[in-house]
$ cat protein.cif   # mmCIF, C-alpha atoms
data_target
loop_
_atom_site.label_atom_id
_atom_site.label_comp_id
_atom_site.auth_asym_id
_atom_site.auth_seq_id
_atom_site.Cartn_x
_atom_site.Cartn_y
_atom_site.Cartn_z
CA MET Y 1 104.42 115.18 81.74
CA ALA Y 2 102.88 117.45 79.11
CA GLU Y 3 100.15 118.51 81.52
CA ILE Y 4 102.59 119.69 84.13
CA ASP Y 5 105.09 121.76 82.22
CA GLY Y 6 102.96 122.68 79.22
CA GLU Y 7 100.35 125.36 78.98
CA ARG Y 8 97.91 122.97 77.42
CA ARG Y 9 95.73 121.04 79.78
CA SER Y 10 94.54 117.61 78.81
CA ALA Y 11 90.86 117.12 78.09
CA GLY Y 12 90.66 114.78 81.08
CA GLU Y 13 91.89 117.46 83.45
CA LEU Y 14 89.34 119.95 82.14
CA GLU Y 15 86.59 117.38 82.56
CA ALA Y 16 87.68 116.90 86.15
CA SER Y 17 87.60 120.66 86.71
CA VAL Y 18 84.07 120.97 85.30
CA LEU Y 19 82.87 118.08 87.44
CA ALA Y 20 84.47 119.64 90.52
CA ALA Y 21 82.83 122.99 89.74
CA LEU Y 22 79.39 121.38 89.37
CA TRP Y 23 79.73 119.57 92.70
CA ALA Y 24 80.97 122.70 94.41
CA ALA Y 25 78.00 124.73 93.12
CA GLY Y 26 75.56 122.55 95.03
CA ARG Y 27 72.66 123.25 92.67
CA PRO Y 28 71.96 122.82 88.96
CA GLN Y 29 74.03 125.12 86.76
CA SER Y 30 73.61 126.33 83.21
CA ALA Y 31 76.52 125.99 80.81
CA ALA Y 32 77.18 129.72 81.15
CA GLN Y 33 77.31 129.47 84.94
CA VAL Y 34 79.75 126.55 84.73
CA ARG Y 35 81.93 128.55 82.39
CA GLU Y 36 81.99 131.40 84.86
CA ALA Y 37 82.79 129.13 87.78
CA MET Y 38 85.79 127.65 85.98
CA PRO Y 39 89.03 129.29 87.08
CA GLN Y 40 90.55 128.99 83.62
CA PRO Y 41 89.14 130.92 80.64
CA LEU Y 42 87.40 128.51 78.29
CA ALA Y 43 85.48 128.94 75.04
CA ARG Y 44 81.73 128.41 75.27
CA THR Y 45 81.94 125.51 72.83
CA THR Y 46 84.64 123.86 74.95
CA VAL Y 47 82.43 123.97 78.03
CA ALA Y 48 79.51 122.56 76.03
CA THR Y 49 81.70 119.70 74.77
CA LEU Y 50 83.01 118.94 78.27
CA LEU Y 51 79.47 118.91 79.71
CA ALA Y 52 78.27 116.64 76.92
CA ARG Y 53 81.11 114.22 77.55
CA LEU Y 54 80.45 114.13 81.31
CA HIS Y 55 76.77 113.55 80.59
CA GLN Y 56 77.63 110.72 78.23
CA LYS Y 57 79.78 109.07 80.88
CA GLY Y 58 76.92 109.24 83.36
CA LEU Y 59 78.70 111.56 85.76
CA ILE Y 60 76.21 114.38 85.44
CA ASP Y 61 72.59 114.70 84.46
CA ARG Y 62 70.65 117.57 82.93
CA ARG Y 63 67.14 118.88 82.66
CA PRO Y 64 65.59 121.75 80.75
CA GLY Y 65 65.74 125.00 82.64
CA GLY Y 66 65.80 128.64 81.62
CA ARG Y 67 67.33 128.88 78.17
CA GLY Y 68 68.70 125.42 77.39
CA PHE Y 69 69.71 122.84 79.93
CA VAL Y 70 70.86 122.99 83.54
CA TYR Y 71 73.38 120.40 84.68
CA PHE Y 72 73.88 118.71 88.03
CA PRO Y 73 76.16 115.94 89.28
CA MET Y 74 74.74 112.45 89.73
CA ASP Y 75 75.21 111.15 93.23
CA ASP Y 76 75.58 107.49 93.90
CA ALA Y 77 73.07 105.50 95.91
CA HIS Y 78 72.40 108.01 98.72
CA GLY Y 79 75.94 108.38 100.00
CA LEU Y 80 76.53 104.64 100.14
CA THR Y 81 80.09 105.06 98.91
CA ALA Y 82 80.77 107.74 101.50
CA ARG Y 83 79.59 105.53 104.33
CA ARG Y 84 81.63 102.60 103.09
CA MET Y 85 84.65 104.87 102.67
CA HIS Y 86 84.51 106.06 106.29
CA HIS Y 87 84.01 102.54 107.46
CA GLU Y 88 87.02 101.24 105.59
CA LEU Y 89 89.44 104.12 106.07
CA ASP Y 90 88.75 105.03 109.66
CA ARG Y 91 88.16 101.60 111.07
CA ASP Y 92 91.51 101.29 112.80
CA SER Y 93 93.19 103.81 115.00
CA ASP Y 94 96.18 103.88 112.66
CA ARG Y 95 94.97 105.34 109.41
CA SER Y 96 96.41 104.24 106.13
CA MET Y 97 99.79 105.80 105.45
CA VAL Y 98 100.01 104.88 101.80
CA LEU Y 99 96.91 106.85 100.88
CA ALA Y 100 98.32 110.34 100.56
CA ARG Y 101 95.56 112.49 102.00
CA PHE Y 102 95.41 116.16 101.18
CA VAL Y 103 95.23 117.21 104.79
CA LYS Y 104 95.53 115.11 107.87
CA GLY Y 105 94.16 116.04 111.26
CA LEU Y 106 94.94 119.27 113.04
CA SER Y 107 95.72 119.85 116.66
CA GLN Y 108 94.37 122.91 118.46
CA ALA Y 109 97.76 124.62 118.15
CA ASP Y 110 97.82 123.79 114.42
CA GLU Y 111 94.46 125.42 113.94
CA GLU Y 112 95.46 128.63 115.64
CA GLU Y 113 98.76 128.78 113.78
CA LEU Y 114 96.98 128.18 110.46
CA ARG Y 115 94.47 130.96 111.04
CA ARG Y 116 97.33 133.30 111.91
CA LEU Y 117 99.29 132.35 108.77
CA LEU Y 118 96.29 132.76 106.49
CA GLU Y 119 95.40 136.13 107.98
CA GLU Y 120 98.95 137.32 107.54
CA GLY Y 121 98.79 136.18 103.93
CA GLU Y 122 95.75 138.39 103.37
CA ARG Y 123 97.62 141.55 104.32
CA MET B 1 132.49 90.27 115.53
CA ILE B 2 129.26 90.46 117.49
CA ALA B 3 129.94 94.13 118.20
CA LEU B 4 130.30 94.91 114.50
CA LEU B 5 126.97 93.25 113.78
CA LEU B 6 125.31 95.24 116.56
CA VAL B 7 126.35 98.64 115.15
CA PRO B 8 123.86 98.58 112.25
CA LEU B 9 121.13 97.80 114.79
CA ALA B 10 121.99 100.94 116.75
CA LEU B 11 122.68 103.37 113.90
CA PRO B 12 119.02 103.84 112.83
CA TRP B 13 118.46 105.76 116.07
CA LEU B 14 120.52 108.57 114.54
CA LEU B 15 118.25 108.88 111.52
CA PRO B 16 114.98 110.50 112.76
CA PRO B 17 116.41 113.93 113.71
CA LEU B 18 118.52 114.02 110.53
CA ALA B 19 115.53 113.06 108.40
CA ARG B 20 113.41 115.78 110.00
CA ARG B 21 116.05 118.41 109.31
CA THR B 22 116.48 117.22 105.74
CA ALA B 23 112.72 117.25 105.12
CA GLU B 24 112.48 120.81 106.40
CA ARG B 25 115.44 122.31 104.57
CA VAL B 26 116.08 120.58 101.30
CA ARG B 27 114.03 120.66 98.09
CA PRO B 28 111.12 118.31 98.83
CA ASP B 29 111.69 115.94 95.91
CA VAL B 30 115.35 115.53 96.92
CA ALA B 31 114.27 115.01 100.55
CA LEU B 32 111.69 112.42 99.55
CA TRP B 33 114.22 110.37 97.59
CA SER B 34 117.12 110.63 100.02
CA ILE B 35 115.19 109.91 103.23
CA THR B 36 113.34 106.98 101.69
CA VAL B 37 116.47 105.42 100.21
CA VAL B 38 118.50 105.84 103.42
CA SER B 39 115.66 104.45 105.53
CA ALA B 40 115.27 101.43 103.23
CA ALA B 41 119.04 100.85 103.19
CA LEU B 42 119.25 100.96 107.00
CA ALA B 43 116.29 98.58 107.22
CA PHE B 44 118.11 96.22 104.88
CA GLY B 45 121.19 96.45 107.11
CA VAL B 46 119.10 95.69 110.21
CA VAL B 47 117.57 92.61 108.60
CA THR B 48 120.95 91.39 107.32
CA CYS B 49 122.57 91.77 110.73
CA LEU B 50 119.69 90.09 112.54
CA GLY B 51 120.03 87.22 110.08
CA ALA B 52 123.79 86.99 110.63
CA LEU B 53 123.31 87.05 114.40
CA LEU B 54 121.01 84.03 114.14
CA LEU B 55 123.82 81.98 112.69
CA PRO B 56 125.78 81.15 115.89
CA LEU B 57 122.58 79.94 117.55
CA ALA B 58 121.48 77.96 114.51
CA LEU B 59 124.88 76.29 114.24
CA GLN B 60 124.51 75.00 117.82
CA VAL B 61 121.89 72.64 116.45
CA PRO B 62 123.83 69.56 115.38
CA ARG B 63 121.74 69.03 112.28
CA PHE B 64 122.57 72.51 110.91
CA ALA B 65 126.20 72.16 111.95
CA VAL B 66 126.47 68.96 109.93
CA LEU B 67 124.74 70.65 107.02
CA VAL B 68 127.55 73.19 106.66
CA ASP B 69 130.24 70.61 107.51
CA LEU B 70 131.37 72.10 110.83
CA ILE B 71 134.02 69.92 112.44
CA GLN B 72 134.26 72.05 115.57
CA PRO B 73 131.93 74.55 117.27
CA LEU B 74 131.80 78.04 115.80
CA LYS B 75 133.83 80.42 117.94
CA ALA B 76 132.66 84.00 117.69
CA GLY B 77 133.51 85.34 121.10
CA PRO B 78 132.55 84.45 124.67
CA GLN B 79 130.14 81.56 124.18
CA SER B 80 127.41 82.65 126.61
CA LEU B 81 127.41 86.24 125.33
CA VAL B 82 127.25 85.20 121.69
CA LEU B 83 124.44 82.75 122.30
CA GLY B 84 122.56 85.27 124.43
CA VAL B 85 122.75 87.93 121.72
CA SER B 86 121.87 85.35 119.13
CA ALA B 87 118.79 84.22 121.04
CA LEU B 88 117.75 87.84 121.53
CA ALA B 89 118.13 88.44 117.79
CA ALA B 90 116.00 85.38 117.09
CA GLY B 91 113.27 86.73 119.35
CA ILE B 92 113.37 90.20 117.80
CA ALA B 93 113.37 88.76 114.29
CA ALA B 94 110.33 86.59 115.06
CA VAL B 95 108.36 89.48 116.58
CA THR B 96 109.37 91.78 113.70
CA VAL B 97 108.31 89.33 111.02
CA VAL B 98 104.92 88.70 112.61
CA ALA B 99 104.18 92.37 113.35
CA GLY B 100 105.46 93.46 109.92
CA ALA B 101 103.39 90.89 108.07
CA ARG B 102 100.27 91.97 109.95
CA ARG B 103 100.85 95.67 109.29
CA VAL B 104 101.54 95.13 105.61
CA THR B 105 98.50 92.90 105.09
CA SER B 106 96.26 95.37 106.90
CA GLU B 107 97.60 98.18 104.71
CA VAL B 108 97.08 96.15 101.53
CA ARG B 109 93.59 95.18 102.64
CA ARG B 110 92.70 98.78 103.32
CA LEU B 111 94.03 99.96 99.97
CA ARG B 112 92.09 97.22 98.22
CA ALA B 113 88.93 98.16 100.10
CA ALA B 114 89.41 101.83 99.22
CA ARG B 115 89.84 100.91 95.58
CA GLY B 116 86.83 98.59 95.66
CA ASN B 117 84.77 101.43 97.09
CA VAL B 118 85.17 103.71 94.12
CA ALA B 119 85.77 101.03 91.47
CA ALA B 120 82.14 101.17 90.42
CA LEU B 121 82.01 104.97 90.29
CA PRO B 122 82.62 106.66 86.95
CA ASP B 123 85.49 109.13 86.81
CA ALA B 124 86.30 112.23 84.80
CA GLY B 125 89.99 112.59 84.03
CA GLY B 126 90.80 110.42 87.05
CA LEU B 127 88.55 112.37 89.43
CA CYS B 128 85.95 110.55 91.50
CA VAL B 129 83.60 112.66 93.60
CA VAL B 130 81.99 111.05 96.62
CA ASP B 131 78.87 112.78 97.91
CA ASP B 132 79.80 113.41 101.53
CA PRO B 133 79.72 116.63 103.59
CA GLN B 134 82.95 115.66 105.42
CA PRO B 135 85.83 117.33 103.53
CA ASP B 136 88.36 114.72 102.47
CA ALA B 137 90.61 114.11 99.50
CA TYR B 138 93.22 111.55 98.66
CA ALA B 139 95.15 110.00 95.80
CA LEU B 140 94.27 106.37 95.27
CA PRO B 141 97.26 104.71 93.60
CA ASP B 142 96.98 102.03 90.96
CA GLY B 143 99.68 99.46 91.65
CA LEU B 144 103.07 100.42 90.31
CA ARG B 145 101.75 102.71 87.62
CA GLY B 146 101.58 106.46 87.93
CA ARG B 147 97.90 106.47 87.08
CA GLY B 148 95.20 106.02 89.62
CA ARG B 149 92.30 108.03 90.86
CA ILE B 150 91.76 111.16 92.83
CA VAL B 151 88.95 110.75 95.33
CA VAL B 152 87.44 113.97 96.63
CA THR B 153 84.30 114.47 98.69
CA SER B 154 81.68 117.03 97.71
CA GLY B 155 82.26 118.61 101.14
CA MET B 156 85.86 119.35 100.21
CA LEU B 157 84.92 120.82 96.82
CA ARG B 158 82.35 123.11 98.46
CA ALA B 159 84.87 124.32 101.03
CA LEU B 160 87.20 125.66 98.33
CA GLY B 161 87.04 128.37 95.70
CA GLY B 162 87.51 127.62 92.00
CA ASP B 163 91.24 128.33 91.94
CA GLU B 164 91.75 126.40 95.14
CA ARG B 165 89.97 123.37 93.70
CA GLU B 166 92.48 123.39 90.86
CA VAL B 167 95.32 123.44 93.41
CA LEU B 168 93.81 120.45 95.19
CA LEU B 169 93.50 118.50 91.93
CA ALA B 170 97.03 119.42 90.86
CA HIS B 171 98.35 118.35 94.27
CA GLU B 172 96.69 114.94 94.06
CA ARG B 173 97.78 114.48 90.43
CA ALA B 174 101.35 115.19 91.53
CA HIS B 175 101.10 112.40 94.13
CA LEU B 176 99.99 109.96 91.45
CA ALA B 177 102.46 111.11 88.78
CA GLY B 178 105.34 111.01 91.28
CA ARG B 179 104.26 107.58 92.53
CA HIS B 180 104.52 108.85 96.08
CA HIS B 181 102.71 105.81 97.40
CA LEU B 182 105.76 103.69 96.57
CA PHE B 183 107.93 105.92 98.78
CA LEU B 184 105.39 105.74 101.57
CA ALA B 185 105.15 101.97 101.21
CA ALA B 186 108.95 101.62 101.32
CA ALA B 187 109.11 103.81 104.43
CA LEU B 188 106.35 101.80 106.04
CA ILE B 189 108.09 98.49 105.39
CA ALA B 190 111.37 99.92 106.70
CA ALA B 191 109.47 101.07 109.79
CA GLN B 192 108.55 97.47 110.51
CA CYS B 193 112.23 96.49 110.68
CA HIS B 194 113.35 98.91 113.38
CA PRO B 195 111.51 101.13 115.88
CA ALA B 196 113.69 104.14 115.05
CA LEU B 197 112.79 103.85 111.37
CA ALA B 198 109.12 104.09 112.35
CA ALA B 199 109.86 107.67 113.34
CA VAL B 200 111.07 108.32 109.77
CA VAL B 201 107.68 107.60 108.20
CA HIS B 202 106.53 111.09 109.14
CA PRO B 203 109.40 112.97 107.46
CA VAL B 204 108.84 110.85 104.34
CA SER B 205 105.12 111.59 104.34
CA PHE B 206 105.84 115.28 104.96
CA ALA B 207 108.32 115.37 102.06
CA ALA B 208 105.74 113.74 99.78
CA GLU B 209 103.11 116.34 100.72
CA ARG B 210 105.61 119.15 100.25
CA ALA B 211 106.69 117.81 96.87
CA ALA B 212 103.07 117.68 95.72
CA ASP B 213 102.47 121.19 97.12
CA GLU B 214 105.42 122.53 95.14
CA VAL B 215 104.18 120.95 91.89
CA ALA B 216 100.71 122.40 92.52
CA ALA B 217 102.21 125.83 93.27
CA ARG B 218 104.23 125.73 90.04
CA GLU B 219 101.14 124.78 88.04
CA ALA B 220 98.99 127.43 89.66
CA GLY B 221 101.82 129.93 89.29
CA ASP B 222 100.83 131.32 92.69
CA ARG B 223 102.39 130.19 95.96
CA ARG B 224 100.00 132.20 98.13
CA LEU B 225 96.95 130.73 96.47
CA THR B 226 98.39 127.24 97.02
CA ALA B 227 99.09 128.01 100.68
CA HIS B 228 95.52 129.21 101.12
CA ALA B 229 94.07 126.13 99.45
CA VAL B 230 96.00 123.83 101.79
CA GLY B 231 95.17 125.90 104.87
CA ARG B 232 91.48 126.29 104.10
CA ALA B 233 91.05 122.63 103.26
CA ALA B 234 92.67 121.71 106.58
CA LEU B 235 90.54 124.13 108.58
CA ALA B 236 87.38 122.95 106.82
CA SER B 237 88.13 119.31 107.66
CA ALA B 238 88.94 120.17 111.26
CA ARG B 239 85.72 122.12 111.67
CA ARG B 240 83.58 119.30 110.32
CA ARG B 241 85.27 116.68 112.41
CA GLY B 242 84.44 118.70 115.50
CA GLY B 243 85.24 116.97 118.77
CA THR B 244 87.57 114.26 117.57
CA ARG B 245 90.76 116.25 117.29
CA LEU B 246 93.93 114.34 116.74
CA PRO B 247 96.28 114.38 119.69
CA VAL B 248 99.55 116.21 119.28
CA VAL B 249 101.83 113.37 118.31
CA ILE B 250 105.11 114.82 119.48
CA PRO B 251 104.92 116.31 122.95
CA GLY B 252 106.30 119.82 123.02
CA ALA B 253 106.04 120.24 119.29
CA VAL B 254 104.41 123.56 118.55
CA THR B 255 102.61 122.63 115.37
CA GLY B 256 102.09 119.72 113.01
CA PRO B 257 102.71 119.23 109.33
CA VAL B 258 99.94 121.38 107.83
CA PRO B 259 101.09 124.75 109.25
CA ALA B 260 104.65 123.85 108.22
CA ARG B 261 103.45 123.23 104.66
CA VAL B 262 101.56 126.52 104.58
CA ARG B 263 104.55 128.36 106.00
CA ALA B 264 106.84 126.84 103.36
CA LEU B 265 104.42 127.86 100.60
CA LEU B 266 104.21 131.41 101.92
CA SER B 267 107.98 131.73 101.66
CA GLU B 268 110.14 131.34 98.58
CA ALA B 269 110.38 128.10 96.61
CA PRO B 270 113.09 125.90 98.10
CA THR B 271 116.09 125.39 95.85
CA ARG B 272 118.66 123.77 98.15
CA ARG B 273 119.61 120.31 97.09
CA PHE B 274 122.01 119.73 99.91
CA VAL B 275 122.28 120.32 103.65
CA PRO B 276 124.72 118.90 106.23
CA ALA B 277 121.94 116.68 107.61
CA LEU B 278 121.78 114.96 104.22
CA LEU B 279 125.51 114.25 104.31
CA ALA B 280 125.13 112.94 107.85
CA MET B 281 122.38 110.58 106.67
CA VAL B 282 124.66 109.22 103.97
CA LEU B 283 127.47 108.79 106.52
CA VAL B 284 125.17 106.87 108.87
CA CYS B 285 124.23 104.66 105.96
CA THR B 286 127.88 104.07 105.00
CA GLY B 287 128.77 103.29 108.61
CA ALA B 288 125.99 100.73 108.82
CA ALA B 289 127.04 99.12 105.55
CA ALA B 290 130.71 98.99 106.55
CA SER B 291 130.11 97.41 109.95
CA CYS B 292 127.57 95.03 108.47
CA LEU B 293 130.07 93.87 105.85
CA GLY B 294 132.88 93.73 108.42
CA GLY B 295 130.79 91.66 110.80
CA ALA B 296 129.67 89.33 108.03
CA ALA B 297 133.26 88.86 106.85
CA LEU B 298 134.43 88.01 110.38
CA LEU B 299 131.54 85.64 110.85
CA HIS B 300 132.36 83.96 107.56
CA HIS B 301 135.93 83.61 108.68
CA GLY B 302 134.75 82.02 111.94
CA VAL B 303 132.63 79.54 110.02
CA GLU B 304 135.56 78.62 107.79
CA VAL B 305 137.71 78.02 110.88
CA ALA B 306 134.98 75.83 112.34
CA GLN B 307 134.82 73.93 109.05
CA GLY B 308 138.53 73.27 109.36
CA GLU B 309 139.28 74.98 106.05
CA ILE B 310 141.48 77.54 107.75
CA PRO B 311 143.68 76.56 110.71
CA SER B 312 142.36 78.11 113.89
CA PRO B 313 144.48 80.99 115.14
#
$ encode --input "protein.cif" --output "structure tokens"
Amino acid sequence: MAEIDGERRSAGELEASVLAALWAAGRPQSAAQVREAMPQPLARTTVATLLARLHQKGLIDRRPGGRGFVYFPMDDAHGLTARRMHHELDRDSDRSMVLARFVKGLSQADEEELRRLLEEGER
Amino acid sequence: MIALLLVPLALPWLLPPLARRTAERVRPDVALWSITVVSAALAFGVVTCLGALLLPLALQVPRFAVLVDLIQPLKAGPQSLVLGVSALAAGIAAVTVVAGARRVTSEVRRLRAARGNVAALPDAGGLCVVDDPQPDAYALPDGLRGRGRIVVTSGMLRALGGDEREVLLAHERAHLAGRHHLFLAAALIAAQCHPALAAVVHPVSFAAERAADEVAAREAGDRRLTAHAVGRAALASARRRGGTRLPVVIPGAVTGPVPARVRALLSEAPTRRFVPALLAMVLVCTGAAASCLGGAALLHHGVEVAQGEIPSP
């Protein structure tokens, strides 16, 4: 449980964060841009190491651009996994209960209540 | 005797409102444990009592009666009533077993399919990203172990800011580390044993989400940020899904689980480990166990009388 109560984050978690940031960006990013997009402060060398490791694992690709490389996530065969995922998970009317999904569906009342709560939080 | 064996079949109806109150008021990890354990225990009681109720009917069959050396018919009350209840129990047990087996196999098949889907994808620190504009994220458990994978769509990652993405990842990691899928599976199996326990699956699932939210909030060190991540992810998924809104499951209920989670995150961290509803759940459980044991003891006595080991009263 070192990752949860300790300050130190495991290398795996940081890799996941970098990968998430690259996907969220939606277009190729330089190492400096990735570093900026990361919510946690990281050394430049750390970001370079993380990117190299993701590249080695085949999760991201890179091409020359600007000064040095730009990185982008590798997508699988044209969303094949996504289509299969929808097919499998949403086939039946009763969705899987054991898969803990981040958010389940919202009713109209839920949506209005959520917007109200989030707006209140802003103030 | 029959009456004592029927009590554990009726008691689960008391659980859903108590479970809901517990899930709303007590620390989520305590709620998750207590509701799941009580639900599983009541399910066990239901199955035991159904099994015991089958006995009088089974012992009417001469072959079984000989097997347990009955020298006279088992007397457990008015004959027609006992046999009627027994036959009813047999019917319920048969339907339950068939329906339960189907539900569990469909769940296992779906989990296996979900795992097969991303098995070929590489992962970084347990994270698998699926290129899909529809925002979605879930924790894919790996058997009994706390490891597993987090599957997130690119649509979900794009809907969130950097800090919020970290909250999402921490939330899913908490599900895996806490082995929440085992709680959900236990609740689901219990739900197959009694219709009232089916209504307890939602409080268990809510407690699991709340527990993961609290871990994520602790890691982020910011409850408001966590609330916003949950709320924005939910709104983003709803927007994408467009027309196919889920129906409101409970008529008259104002809002579902997501606003309740956001509301809980916007208020202070829950610290209560105990509420009266929790005590009531334990009492229901004890009552079921006591009447189950009492009924079984009386039934055993009846069988011994029928075996001629004890003189009939």
$ residues_around --input "protein.cif" --residues "segment 41-48 of chain Y" --least-positions-apart "5" --cutoff "12 Å" --atoms "all atoms listed in the file" --output "mmCIF file with C-alpha atoms, in the frame of the given file"
data_model
loop_
_atom_site.group_PDB
_atom_site.id
_atom_site.type_symbol
_atom_site.label_atom_id
_atom_site.label_comp_id
_atom_site.auth_asym_id
_atom_site.auth_seq_id
_atom_site.Cartn_x
_atom_site.Cartn_y
_atom_site.Cartn_z
ATOM 1 C CA ARG Y 8 97.910 122.970 77.420
ATOM 2 C CA ARG Y 9 95.730 121.040 79.780
ATOM 3 C CA ALA Y 11 90.860 117.120 78.090
ATOM 4 C CA LEU Y 14 89.340 119.950 82.140
ATOM 5 C CA GLU Y 15 86.590 117.380 82.560
ATOM 6 C CA ALA Y 16 87.680 116.900 86.150
ATOM 7 C CA SER Y 17 87.600 120.660 86.710
ATOM 8 C CA VAL Y 18 84.070 120.970 85.300
ATOM 9 C CA LEU Y 19 82.870 118.080 87.440
ATOM 10 C CA ALA Y 21 82.830 122.990 89.740
ATOM 11 C CA SER Y 30 73.610 126.330 83.210
ATOM 12 C CA ALA Y 31 76.520 125.990 80.810
ATOM 13 C CA ALA Y 32 77.180 129.720 81.150
ATOM 14 C CA GLN Y 33 77.310 129.470 84.940
ATOM 15 C CA VAL Y 34 79.750 126.550 84.730
ATOM 16 C CA ARG Y 35 81.930 128.550 82.390
ATOM 17 C CA GLU Y 36 81.990 131.400 84.860
ATOM 18 C CA ARG Y 53 81.110 114.220 77.550
ATOM 19 C CA LEU Y 54 80.450 114.130 81.310
ATOM 20 C CA HIS Y 55 76.770 113.550 80.590
ATOM 21 C CA GLY Y 68 68.700 125.420 77.390
ATOM 22 C CA PHE Y 69 69.710 122.840 79.930
ATOM 23 C CA VAL Y 70 70.860 122.990 83.540
ATOM 24 C CA TYR Y 71 73.380 120.400 84.680
ATOM 25 C CA GLY B 162 87.510 127.620 92.000
ATOM 26 C CA ASP B 163 91.240 128.330 91.940
#
$ resolve_selection --input "protein.cif" --expression "the PyMOL selection byres ((chain B) within 6 of (chain Y))" --output "number ranges by chain"
B: 124-125, 127, 131-132, 137-139, 154, 157-158, 162-163, 181, 184-185, 234, 246, 248, 255, 259
$ atom_distance --input "protein.cif" --atom1 "atom CA of Trp13 of chain B" --atom2 "atom CA of Ala186 of chain B"
18.0 Å
$ residues_near_point --input "protein.cif" --point "(106.6, 118.7, 109.8)" --cutoff "7 Å" --atoms "all atoms listed in the file" --output "ChimeraX atom specification"
/B:203,206,256-257,260
$ residues_around --input "protein.cif" --residues "Leu298 of chain B" --least-positions-apart "5" --cutoff "12 Å" --atoms "all atoms listed in the file" --output "list in words"
Met1, Ile2, Ala3, Leu4, Leu5, Ala52, Leu53, Leu74, Lys75, Ala76, Gly77, Ser291, Cys292, Leu293, Val303, Glu304 and Val305 of chain B
$ atom_distance --input "protein.cif" --atom1 "atom CA of Gly231 of chain B" --atom2 "atom CA of Phe183 of chain B"
24.5 Å
$ resolve_selection --input "protein.cif" --expression "the PyMOL selection byres ((chain B and resi 23-35) around 10)" --output "PyMOL selection string"
chain B and resi 15-22+36-41+178+180+183-184+187+200-215+260-261+264+269-275+277-278+281-282
$ atom_distance --input "protein.cif" --atom1 "atom CA of Leu176 of chain B" --atom2 "atom CA of Cys193 of chain B"
26.5 Å
$ closest_residue --input "protein.cif" --among "B:Met156, B:Ala89, B:Ala306, B:Leu169" --to "Leu70 of chain B" --atoms "only C-alpha atoms"
B:Ala306
$ residues_around --input "protein.cif" --residues "Leu57 of chain B" --least-positions-apart "5" --cutoff "8 Å" --atoms "all atoms listed in the file" --output "PDB file with C-alpha atoms, keeping the file's coordinate frame"
ATOM      1  CA  LEU B  83     124.440  82.750 122.300  1.00  0.00           C
ATOM      2  CA  SER B  86     121.870  85.350 119.130  1.00  0.00           C
ATOM      3  CA  ALA B  87     118.790  84.220 121.040  1.00  0.00           C
TER       4      ALA B  87
END
$ closest_residue --input "protein.cif" --among "B:Leu140, B:Ile71, B:Leu225, B:Ala43" --to "Gly308 of chain B" --atoms "only C-alpha atoms"
B:Ile71
